[in-house]
Structure formats: structure tokens, C-alpha cells
$ cat target.cif   # mmCIF, C-alpha atoms
data_run
loop_
_atom_site.label_atom_id
_atom_site.label_comp_id
_atom_site.auth_asym_id
_atom_site.auth_seq_id
_atom_site.Cartn_x
_atom_site.Cartn_y
_atom_site.Cartn_z
CA MET A 1 11.66 -31.27 -75.42
CA ASN A 2 14.30 -34.00 -75.58
CA LYS A 3 11.60 -36.65 -75.17
CA TYR A 4 9.75 -35.42 -78.25
CA ILE A 5 12.93 -35.17 -80.30
CA VAL A 6 13.65 -38.81 -79.47
CA LEU A 7 10.06 -39.73 -80.31
CA ILE A 8 10.19 -38.09 -83.71
CA ALA A 9 13.65 -39.39 -84.54
CA GLY A 10 12.69 -42.91 -83.51
CA THR A 11 9.56 -42.77 -85.64
CA LEU A 12 11.46 -41.56 -88.70
CA LEU A 13 14.06 -44.29 -88.32
CA ALA A 14 11.38 -46.92 -87.90
CA TYR A 15 9.42 -45.87 -90.96
CA GLY A 16 12.60 -45.43 -92.99
CA SER A 17 13.16 -49.18 -92.86
CA ALA A 18 9.71 -49.82 -94.39
CA TRP A 19 10.88 -49.24 -97.97
CA ALA A 20 12.73 -52.55 -98.04
CA GLY A 21 9.50 -54.49 -97.44
CA ILE A 22 7.21 -53.25 -100.21
CA LYS A 23 9.13 -53.92 -103.44
CA GLY A 24 8.34 -57.38 -104.76
CA SER A 25 5.69 -57.93 -102.09
CA GLN A 26 1.99 -58.67 -102.48
CA HIS A 27 1.41 -54.92 -102.22
CA ASP A 28 3.65 -54.36 -105.26
CA LEU A 29 1.36 -54.19 -108.30
CA GLY A 30 4.06 -53.04 -110.71
CA SER A 31 5.61 -55.40 -113.22
CA GLY A 32 7.74 -57.83 -111.28
CA GLY A 33 5.57 -57.48 -108.19
CA ALA A 34 3.71 -60.26 -106.42
CA GLY A 35 0.24 -58.75 -106.14
CA GLN A 36 -2.93 -60.49 -107.30
CA GLY A 37 -2.69 -58.44 -110.46
CA THR A 38 0.45 -56.81 -111.84
CA SER A 39 0.81 -54.06 -114.39
CA THR A 40 2.62 -54.31 -117.68
CA ALA A 41 2.40 -50.52 -117.98
CA THR A 42 4.75 -49.51 -115.18
CA THR A 43 7.58 -50.76 -113.01
CA GLU A 44 6.71 -48.25 -110.30
CA VAL A 45 5.86 -49.60 -106.87
CA CYS A 46 4.62 -46.71 -104.74
CA VAL A 47 2.29 -45.12 -107.32
CA PHE A 48 -0.53 -47.59 -106.65
CA CYS A 49 -1.03 -46.02 -103.23
CA HIS A 50 0.98 -42.79 -102.99
CA THR A 51 1.78 -39.71 -105.08
CA PRO A 52 4.09 -36.75 -104.43
CA HIS A 53 1.56 -34.34 -105.99
CA GLY A 54 -2.21 -34.12 -106.24
CA SER A 55 -2.92 -36.51 -103.37
CA ASN A 56 -6.34 -37.17 -101.86
CA THR A 57 -6.62 -34.94 -98.79
CA GLY A 58 -9.89 -36.54 -97.75
CA VAL A 59 -8.18 -39.58 -96.23
CA ALA A 60 -5.86 -39.78 -93.23
CA ALA A 61 -3.09 -41.59 -95.10
CA PRO A 62 0.11 -39.98 -96.38
CA LEU A 63 -0.11 -38.58 -99.93
CA TRP A 64 -2.88 -41.04 -100.78
CA ASN A 65 -3.22 -41.60 -104.53
CA LYS A 66 -6.59 -43.35 -104.65
CA THR A 67 -10.24 -42.45 -104.63
CA LEU A 68 -12.12 -43.55 -101.56
CA PRO A 69 -14.84 -46.20 -101.67
CA SER A 70 -18.45 -45.09 -101.20
CA THR A 71 -19.28 -48.47 -99.70
CA THR A 72 -21.76 -48.82 -96.85
CA TYR A 73 -20.24 -51.20 -94.32
CA THR A 74 -21.92 -53.59 -91.89
CA ARG A 75 -20.15 -53.22 -88.57
CA TYR A 76 -18.88 -55.84 -86.10
CA SER A 77 -21.09 -54.18 -83.49
CA SER A 78 -24.19 -55.41 -85.34
CA LEU A 79 -23.49 -58.86 -83.86
CA GLY A 80 -24.77 -57.52 -80.53
CA THR A 81 -21.93 -58.95 -78.44
CA ALA A 82 -21.95 -57.72 -74.84
CA SER A 83 -18.15 -57.67 -74.70
CA LEU A 84 -17.90 -54.71 -77.10
CA ASP A 85 -17.71 -51.67 -74.83
CA GLY A 86 -15.90 -49.08 -76.95
CA SER A 87 -17.63 -46.25 -78.79
CA GLU A 88 -17.63 -46.49 -82.58
CA VAL A 89 -17.12 -43.80 -85.16
CA THR A 90 -17.71 -44.09 -88.90
CA VAL A 91 -15.37 -46.36 -90.83
CA GLY A 92 -12.59 -43.99 -91.81
CA SER A 93 -9.05 -42.90 -91.02
CA VAL A 94 -6.34 -45.22 -92.34
CA SER A 95 -8.82 -48.12 -92.43
CA LEU A 96 -10.69 -46.50 -95.30
CA ALA A 97 -7.42 -46.33 -97.22
CA CYS A 98 -6.97 -50.08 -96.75
CA LEU A 99 -10.55 -50.77 -97.74
CA SER A 100 -10.17 -48.78 -100.95
CA CYS A 101 -8.70 -52.01 -102.30
CA HIS A 102 -9.70 -54.63 -99.77
CA ASP A 103 -13.46 -54.15 -99.96
CA GLY A 104 -13.32 -55.17 -103.63
CA SER A 105 -15.39 -52.23 -104.84
CA GLN A 106 -12.89 -50.87 -107.37
CA ALA A 107 -9.92 -52.01 -109.41
CA MET A 108 -6.71 -52.11 -107.41
CA ASP A 109 -4.87 -49.85 -109.86
CA VAL A 110 -7.35 -46.95 -109.81
CA VAL A 111 -5.31 -43.86 -108.89
CA LEU A 112 -5.57 -40.08 -109.11
CA ASN A 113 -2.10 -39.38 -110.46
CA GLY A 114 -0.83 -42.08 -112.80
CA PRO A 115 2.85 -42.76 -113.50
CA GLY A 116 4.58 -40.44 -115.92
CA SER A 117 3.50 -36.94 -116.93
CA GLY A 118 -0.01 -35.68 -117.67
CA ASN A 119 -1.85 -38.62 -116.13
CA TYR A 120 -3.79 -36.85 -113.37
CA ASN A 121 -7.51 -37.58 -113.17
CA ALA A 122 -9.43 -36.13 -110.22
CA ALA A 123 -12.07 -38.86 -110.57
CA GLY A 124 -9.45 -41.62 -110.66
CA SER A 125 -8.55 -43.92 -113.51
CA GLU A 126 -6.82 -47.27 -113.97
CA ILE A 127 -3.10 -47.41 -114.61
CA ASP A 128 -3.43 -50.56 -116.69
CA ALA A 129 -7.10 -50.95 -117.64
CA GLY A 130 -8.17 -54.57 -117.83
CA ALA A 131 -4.89 -55.97 -116.54
CA ILE A 132 -5.58 -55.45 -112.85
CA GLY A 133 -9.09 -56.04 -111.60
CA THR A 134 -10.75 -55.90 -108.22
CA MET A 135 -9.42 -57.92 -105.32
CA VAL A 136 -10.57 -61.53 -105.10
CA GLY A 137 -10.58 -64.12 -102.33
CA ASP A 138 -13.50 -64.02 -99.88
CA PRO A 139 -13.27 -63.24 -97.01
CA ILE A 140 -9.47 -62.85 -97.15
CA PRO A 141 -7.92 -60.75 -98.59
CA LYS A 142 -11.10 -59.31 -100.14
CA ILE A 143 -12.83 -58.31 -96.93
CA GLY A 144 -15.90 -56.92 -98.66
CA ALA A 145 -18.51 -54.64 -97.13
CA ASP A 146 -19.62 -57.00 -94.35
CA LEU A 147 -17.17 -56.41 -91.48
CA ARG A 148 -18.99 -58.55 -88.95
CA ASN A 149 -16.41 -61.34 -89.32
CA ASP A 150 -13.41 -59.03 -88.89
CA HIS A 151 -11.73 -57.47 -85.87
CA PRO A 152 -13.54 -54.22 -84.90
CA ILE A 153 -12.13 -51.06 -86.47
CA SER A 154 -12.86 -47.38 -85.93
CA ILE A 155 -13.59 -48.18 -82.30
CA ALA A 156 -12.30 -46.51 -79.13
CA TYR A 157 -9.39 -48.39 -77.60
CA ALA A 158 -9.94 -50.04 -74.22
CA GLY A 159 -13.55 -48.99 -73.91
CA GLY A 160 -12.68 -45.31 -74.08
CA ALA A 161 -9.63 -45.10 -71.82
CA CYS A 162 -7.54 -42.00 -72.68
CA THR A 163 -10.37 -40.26 -74.49
CA GLY A 164 -10.06 -36.63 -73.50
CA THR A 165 -7.00 -37.21 -71.34
CA THR A 166 -3.28 -37.03 -71.90
CA ALA A 167 -1.98 -37.96 -68.46
CA ASP A 168 -3.89 -41.15 -67.66
CA CYS A 169 -4.03 -43.82 -70.36
CA ASP A 170 -4.21 -46.80 -68.01
CA PRO A 171 -7.53 -48.61 -68.60
CA ALA A 172 -7.43 -49.93 -65.03
CA SER A 173 -7.57 -46.44 -63.53
CA ALA A 174 -8.89 -44.14 -66.27
CA SER A 175 -12.32 -42.63 -65.74
CA SER A 176 -13.60 -44.61 -68.73
CA GLY A 177 -11.90 -47.80 -69.73
CA ASP A 178 -11.80 -51.59 -69.85
CA PRO A 179 -9.10 -53.02 -67.54
CA ASP A 180 -8.69 -56.03 -69.84
CA PHE A 181 -6.52 -53.89 -72.14
CA ALA A 182 -2.87 -52.86 -71.93
CA VAL A 183 -1.85 -49.33 -71.08
CA ALA A 184 -1.73 -46.95 -74.05
CA GLN A 185 1.17 -44.52 -74.43
CA TYR A 186 0.58 -40.87 -75.34
CA ALA A 187 2.62 -38.07 -76.87
CA SER A 188 1.95 -34.80 -78.62
CA ILE A 189 3.84 -35.03 -81.91
CA ASN A 190 3.74 -31.99 -84.19
CA THR A 191 1.00 -30.65 -81.87
CA GLN A 192 -1.15 -33.70 -82.68
CA ASP A 193 -2.43 -36.22 -80.13
CA GLN A 194 -0.84 -39.63 -80.73
CA TRP A 195 -1.41 -42.93 -78.94
CA TRP A 196 0.13 -46.38 -79.25
CA VAL A 197 0.66 -49.58 -77.24
CA ASP A 198 4.29 -50.44 -76.51
CA VAL A 199 5.02 -54.02 -77.54
CA THR A 200 6.76 -55.64 -74.59
CA ASN A 201 5.58 -59.26 -74.65
CA THR A 202 7.68 -60.43 -77.59
CA ALA A 203 11.30 -60.79 -78.65
CA VAL A 204 11.00 -57.53 -80.61
CA THR A 205 13.63 -55.04 -79.51
CA GLY A 206 11.99 -51.69 -79.01
CA THR A 207 12.32 -48.54 -76.97
CA ALA A 208 9.81 -47.94 -74.19
CA ASN A 209 7.66 -44.81 -74.53
CA VAL A 210 8.74 -44.29 -78.15
CA ARG A 211 6.28 -44.93 -80.96
CA GLU A 212 7.78 -47.45 -83.39
CA LYS A 213 6.45 -49.49 -86.30
CA THR A 214 6.65 -52.66 -84.18
CA ASP A 215 4.24 -51.15 -81.65
CA MET A 216 0.47 -51.38 -81.97
CA ILE A 217 -0.42 -47.99 -83.42
CA LEU A 218 -3.65 -46.32 -82.31
CA TYR A 219 -5.11 -43.67 -84.58
CA THR A 220 -6.55 -40.39 -83.35
CA ARG A 221 -10.30 -40.06 -83.98
CA ASP A 222 -12.97 -37.67 -82.79
CA PHE A 223 -15.27 -39.40 -80.30
CA SER A 224 -18.22 -37.08 -79.60
CA GLY A 225 -16.09 -33.98 -79.95
CA THR A 226 -13.08 -35.28 -78.02
CA ASN A 227 -9.94 -36.85 -79.45
CA GLY A 228 -9.16 -40.39 -78.45
CA PRO A 229 -7.21 -43.48 -79.60
CA SER A 230 -8.96 -45.70 -82.13
CA VAL A 231 -8.20 -49.22 -83.32
CA GLU A 232 -7.84 -49.28 -87.10
CA CYS A 233 -6.60 -51.79 -89.69
CA ALA A 234 -3.06 -50.47 -89.45
CA SER A 235 -3.00 -50.89 -85.67
CA CYS A 236 -2.01 -54.53 -86.25
CA HIS A 237 -0.89 -54.40 -89.88
CA ASP A 238 2.04 -52.61 -91.49
CA PRO A 239 1.37 -52.40 -95.24
CA HIS A 240 5.09 -51.94 -95.94
CA GLU A 241 6.34 -54.99 -94.04
CA ASP A 242 6.19 -58.23 -96.01
CA THR A 243 8.18 -60.44 -93.66
CA LYS A 244 6.45 -63.82 -93.34
CA ARG A 245 5.37 -64.13 -89.71
CA PRO A 246 4.01 -66.54 -91.12
CA VAL A 247 1.38 -64.02 -92.29
CA SER A 248 2.74 -61.02 -94.15
CA PHE A 249 2.09 -57.42 -93.10
CA LEU A 250 1.67 -58.03 -89.37
CA ARG A 251 3.53 -55.51 -87.22
CA ILE A 252 5.10 -58.32 -85.20
CA ALA A 253 5.09 -62.10 -85.37
CA ASN A 254 2.00 -63.67 -83.85
CA ASN A 255 3.92 -66.42 -82.06
CA ASN A 256 2.07 -67.28 -78.86
CA SER A 257 -0.66 -64.85 -80.00
CA ASP A 258 1.70 -61.95 -79.37
CA VAL A 259 -0.20 -59.60 -81.69
CA CYS A 260 -3.42 -60.18 -79.76
CA LEU A 261 -1.79 -60.09 -76.32
CA SER A 262 0.00 -56.83 -77.03
CA CYS A 263 -3.35 -55.09 -76.42
CA HIS A 264 -5.62 -57.67 -74.81
CA ILE A 265 -4.90 -58.87 -71.27
CA LYS A 266 -6.03 -62.50 -71.26
#
$ encode --input "target.cif" --output "C-alpha cells"
Amino acid sequence: MNKYIVLIAGTLLAYGSAWAGIKGSQHDLGSGGAGQGTSTATTEVCVFCHTPHGSNTGVAAPLWNKTLPSTTYTRYSSLGTASLDGSEVTVGSVSLACLSCHDGSQAMDVVLNGPGSGNYNAAGSEIDAGAIGTMVGDPIPKIGADLRNDHPISIAYAGGACTGTTADCDPASASSGDPDFAVAQYASINTQDQWWVDVTNTAVTGTANVREKTDMILYTRDFSGTNGPSVECASCHDPHEDTKRPVSFLRIANNNSDVCLSCHIK
């Protein structure tokens, strides 16, 4: 019991510090923000992604305020590389929330519940029509629908290690797993399976066996009827952390390839 209390408390403290990173960042589309397009209609920051009421329950992101893209994506797996040994599921989870802007299919300020009162639209509408368009910049940050040139997402971590298990998340000894990956941590939080990779190869100060925002977060997906840890966009990226590392929105600095080596044993 004490372990889970520490886990939850540590997670809340970690995410509580995120608010300082979004205002004025490239994810701030309100007036005074630094996004590709900024609104003259509102100074609000969070509304472009989140709403306290009327959120989209079809996406695994907290109180999501956007419609989801209907884009058909070309997957990394279509390259046919023999090194890809994890099972894939459909592009979804938190990655679909990211792609609702980053695939460039809709204006960045399309939301369900606009700022102010009486601005709810179940089909979604722009906060500031014409002022903020779709994302530009191929292939970064507009990733588009062709994901072949991006890190795999919606794919089982470590070739399937931990899938269906809670006691053994070590890829080197799990019944299904790739030993070239770091051990994944597991906890049941609010009765939900949760996995992550503790970041231990950097100067980041963290607590072992506690899920924190500076860890590599793995997202629970259903792999053939069994829950398992999946790599998603937000495994490496924290959308609320704008610290230049030198790239913004990475969970940790990538000095010495620390982001990569947190999961990959090379």
C-alpha cells in the first residue's frame, strides 16, 4: 500500500511542475504564445488542447478538447526492417492526440469547447478562424500521414516483454522480449496497469521504481486481448516541458543520446 501511495504522490508532484513549461512555449497558441500561429481571440493557454467540460472521451488523453483526425497512416513497419520485432496496434492512445495537430490534417485551433461561455460544438470549430491554420514544416514538426521516417509508435515495448505479466518485465528473461531493451517497471495505479522505464543513465535526479515525468513513459494498449506496454509519442516527449535540451519537449536532455539509451541497450 505504501508503495502505491508513494507512486501516486510522486506522479502528482511531477506533473504539477508541468504548468510552468507550457505558457509562452511553442505549444501556447494564445495571444502572447510562441506557436506557429497565435490567436488574437483569446489569451487562454490550455484551451487549445484541454477542457474542464465536454471533453472527447474517445482519446486516451486527459480532458482532450479536440476532434481526432480520420487520417490513414503509413506505418514504420512498412519499411520491412528485420529489426522490428514488436507487435503493432492501430495508431491511437496519446499518439493520436499529438497527431491531431502534427499530421497537418486540421487547423491547430479546432476545439470542441471554445473559450468563454456557449462555445461548445460537438463537431469542433476554430477558436480564431483564419488566424491559425494547419501545422507547416515537413517533416518536422508537421509529421504528416507517412510515419515511415519517424520512430515507431503504437508498438509493443521490447518485442513484447511484460505483455500479460506483472512480475517479470525484464526483456532478457521474459517469455517474450528483446534483450536489447532496458527493464520496464510496472505498477497498478488506480487499478490500471502502468509501465515505464526508469531513467538512470543521465544526471536527472529521480526516484527508482516511481513513475515520474523524466522517465520514459510506456502507455497501456491491448495487444491481442492482453494489456501490455506500448511506445507512443509521449514516451519520449513531454508536451508541457519547453526546456531547450536543445530540442524542446523532450523528457530529458539527449546529451550522449541519453533519450535513446534510456530504452535501447547499445
$ resolve_selection --input "target.cif" --expression "the PyMOL selection byres ((chain A and resi 229) around 10)" --output "ChimeraX atom specification"
/A:154-158,160-164,169,184-186,193-196,217-223,227-228,230-232
$ write_last_selection --input "target.cif" --atoms "C-alpha atoms" --output "PDB file, in the frame of the given file"
ATOM      1  CA  SER A 154     -12.860 -47.380 -85.930  1.00  0.00           C
ATOM      2  CA  ILE A 155     -13.590 -48.180 -82.300  1.00  0.00           C
ATOM      3  CA  ALA A 156     -12.300 -46.510 -79.130  1.00  0.00           C
ATOM      4  CA  TYR A 157      -9.390 -48.390 -77.600  1.00  0.00           C
ATOM      5  CA  ALA A 158      -9.940 -50.040 -74.220  1.00  0.00           C
ATOM      6  CA  GLY A 160     -12.680 -45.310 -74.080  1.00  0.00           C
ATOM      7  CA  ALA A 161      -9.630 -45.100 -71.820  1.00  0.00           C
ATOM      8  CA  CYS A 162      -7.540 -42.000 -72.680  1.00  0.00           C
ATOM      9  CA  THR A 163     -10.370 -40.260 -74.490  1.00  0.00           C
ATOM     10  CA  GLY A 164     -10.060 -36.630 -73.500  1.00  0.00           C
ATOM     11  CA  CYS A 169      -4.030 -43.820 -70.360  1.00  0.00           C
ATOM     12  CA  ALA A 184      -1.730 -46.950 -74.050  1.00  0.00           C
ATOM     13  CA  GLN A 185       1.170 -44.520 -74.430  1.00  0.00           C
ATOM     14  CA  TYR A 186       0.580 -40.870 -75.340  1.00  0.00           C
ATOM     15  CA  ASP A 193      -2.430 -36.220 -80.130  1.00  0.00           C
ATOM     16  CA  GLN A 194      -0.840 -39.630 -80.730  1.00  0.00           C
ATOM     17  CA  TRP A 195      -1.410 -42.930 -78.940  1.00  0.00           C
ATOM     18  CA  TRP A 196       0.130 -46.380 -79.250  1.00  0.00           C
ATOM     19  CA  ILE A 217      -0.420 -47.990 -83.420  1.00  0.00           C
ATOM     20  CA  LEU A 218      -3.650 -46.320 -82.310  1.00  0.00           C
ATOM     21  CA  TYR A 219      -5.110 -43.670 -84.580  1.00  0.00           C
ATOM     22  CA  THR A 220      -6.550 -40.390 -83.350  1.00  0.00           C
ATOM     23  CA  ARG A 221     -10.300 -40.060 -83.980  1.00  0.00           C
ATOM     24  CA  ASP A 222     -12.970 -37.670 -82.790  1.00  0.00           C
ATOM     25  CA  PHE A 223     -15.270 -39.400 -80.300  1.00  0.00           C
ATOM     26  CA  ASN A 227      -9.940 -36.850 -79.450  1.00  0.00           C
ATOM     27  CA  GLY A 228      -9.160 -40.390 -78.450  1.00  0.00           C
ATOM     28  CA  SER A 230      -8.960 -45.700 -82.130  1.00  0.00           C
ATOM     29  CA  VAL A 231      -8.200 -49.220 -83.320  1.00  0.00           C
ATOM     30  CA  GLU A 232      -7.840 -49.280 -87.100  1.00  0.00           C
TER      31      GLU A 232
END
$ residues_around --input "target.cif" --residues "segment 48-63 of chain A" --least-positions-apart "6" --cutoff "10 Å" --atoms "only C-alpha atoms" --output "ChimeraX atom specification"
/A:27-30,92-98,100-101,108-115,120-122,126-127,219-220
$ residues_around --input "target.cif" --residues "Gly21 of chain A" --least-positions-apart "6" --cutoff "6 Å" --atoms "only C-alpha atoms" --output "list in words"
His240, Glu241 and Asp242 of chain A
$ resolve_selection --input "target.cif" --expression "the PyMOL selection byres ((chain A and resi 33) around 12)" --output "PDB file with C-alpha atoms, keeping the file's coordinate frame"
ATOM      1  CA  GLY A  21       9.500 -54.490 -97.440  1.00  0.00           C
ATOM      2  CA  ILE A  22       7.210 -53.250-100.210  1.00  0.00           C
ATOM      3  CA  LYS A  23       9.130 -53.920-103.440  1.00  0.00           C
ATOM      4  CA  GLY A  24       8.340 -57.380-104.760  1.00  0.00           C
ATOM      5  CA  SER A  25       5.690 -57.930-102.090  1.00  0.00           C
ATOM      6  CA  GLN A  26       1.990 -58.670-102.480  1.00  0.00           C
ATOM      7  CA  HIS A  27       1.410 -54.920-102.220  1.00  0.00           C
ATOM      8  CA  ASP A  28       3.650 -54.360-105.260  1.00  0.00           C
ATOM      9  CA  LEU A  29       1.360 -54.190-108.300  1.00  0.00           C
ATOM     10  CA  GLY A  30       4.060 -53.040-110.710  1.00  0.00           C
ATOM     11  CA  SER A  31       5.610 -55.400-113.220  1.00  0.00           C
ATOM     12  CA  GLY A  32       7.740 -57.830-111.280  1.00  0.00           C
ATOM     13  CA  ALA A  34       3.710 -60.260-106.420  1.00  0.00           C
ATOM     14  CA  GLY A  35       0.240 -58.750-106.140  1.00  0.00           C
ATOM     15  CA  GLN A  36      -2.930 -60.490-107.300  1.00  0.00           C
ATOM     16  CA  GLY A  37      -2.690 -58.440-110.460  1.00  0.00           C
ATOM     17  CA  THR A  38       0.450 -56.810-111.840  1.00  0.00           C
ATOM     18  CA  SER A  39       0.810 -54.060-114.390  1.00  0.00           C
ATOM     19  CA  THR A  40       2.620 -54.310-117.680  1.00  0.00           C
ATOM     20  CA  THR A  42       4.750 -49.510-115.180  1.00  0.00           C
ATOM     21  CA  THR A  43       7.580 -50.760-113.010  1.00  0.00           C
ATOM     22  CA  GLU A  44       6.710 -48.250-110.300  1.00  0.00           C
ATOM     23  CA  VAL A  45       5.860 -49.600-106.870  1.00  0.00           C
ATOM     24  CA  CYS A  46       4.620 -46.710-104.740  1.00  0.00           C
ATOM     25  CA  PHE A  48      -0.530 -47.590-106.650  1.00  0.00           C
TER      26      PHE A  48
END
$ closest_residue --input "target.cif" --among "A:Ala41, A:Ile143, A:Cys263, A:Ala107" --to "Thr74 of chain A" --atoms "only C-alpha atoms"
A:Ile143
$ resolve_selection --input "target.cif" --expression "the PyMOL selection byres ((chain A and resi 265) around 9)" --output "list in words"
Pro179, Asp180, Phe181, Ala182, Cys260, Leu261, Ser262, Cys263, His264 and Lys266 of chain A
$ atom_distance --input "target.cif" --atom1 "atom CA of Met216 of chain A" --atom2 "atom CA of Ser175 of chain A"
22.4 Å
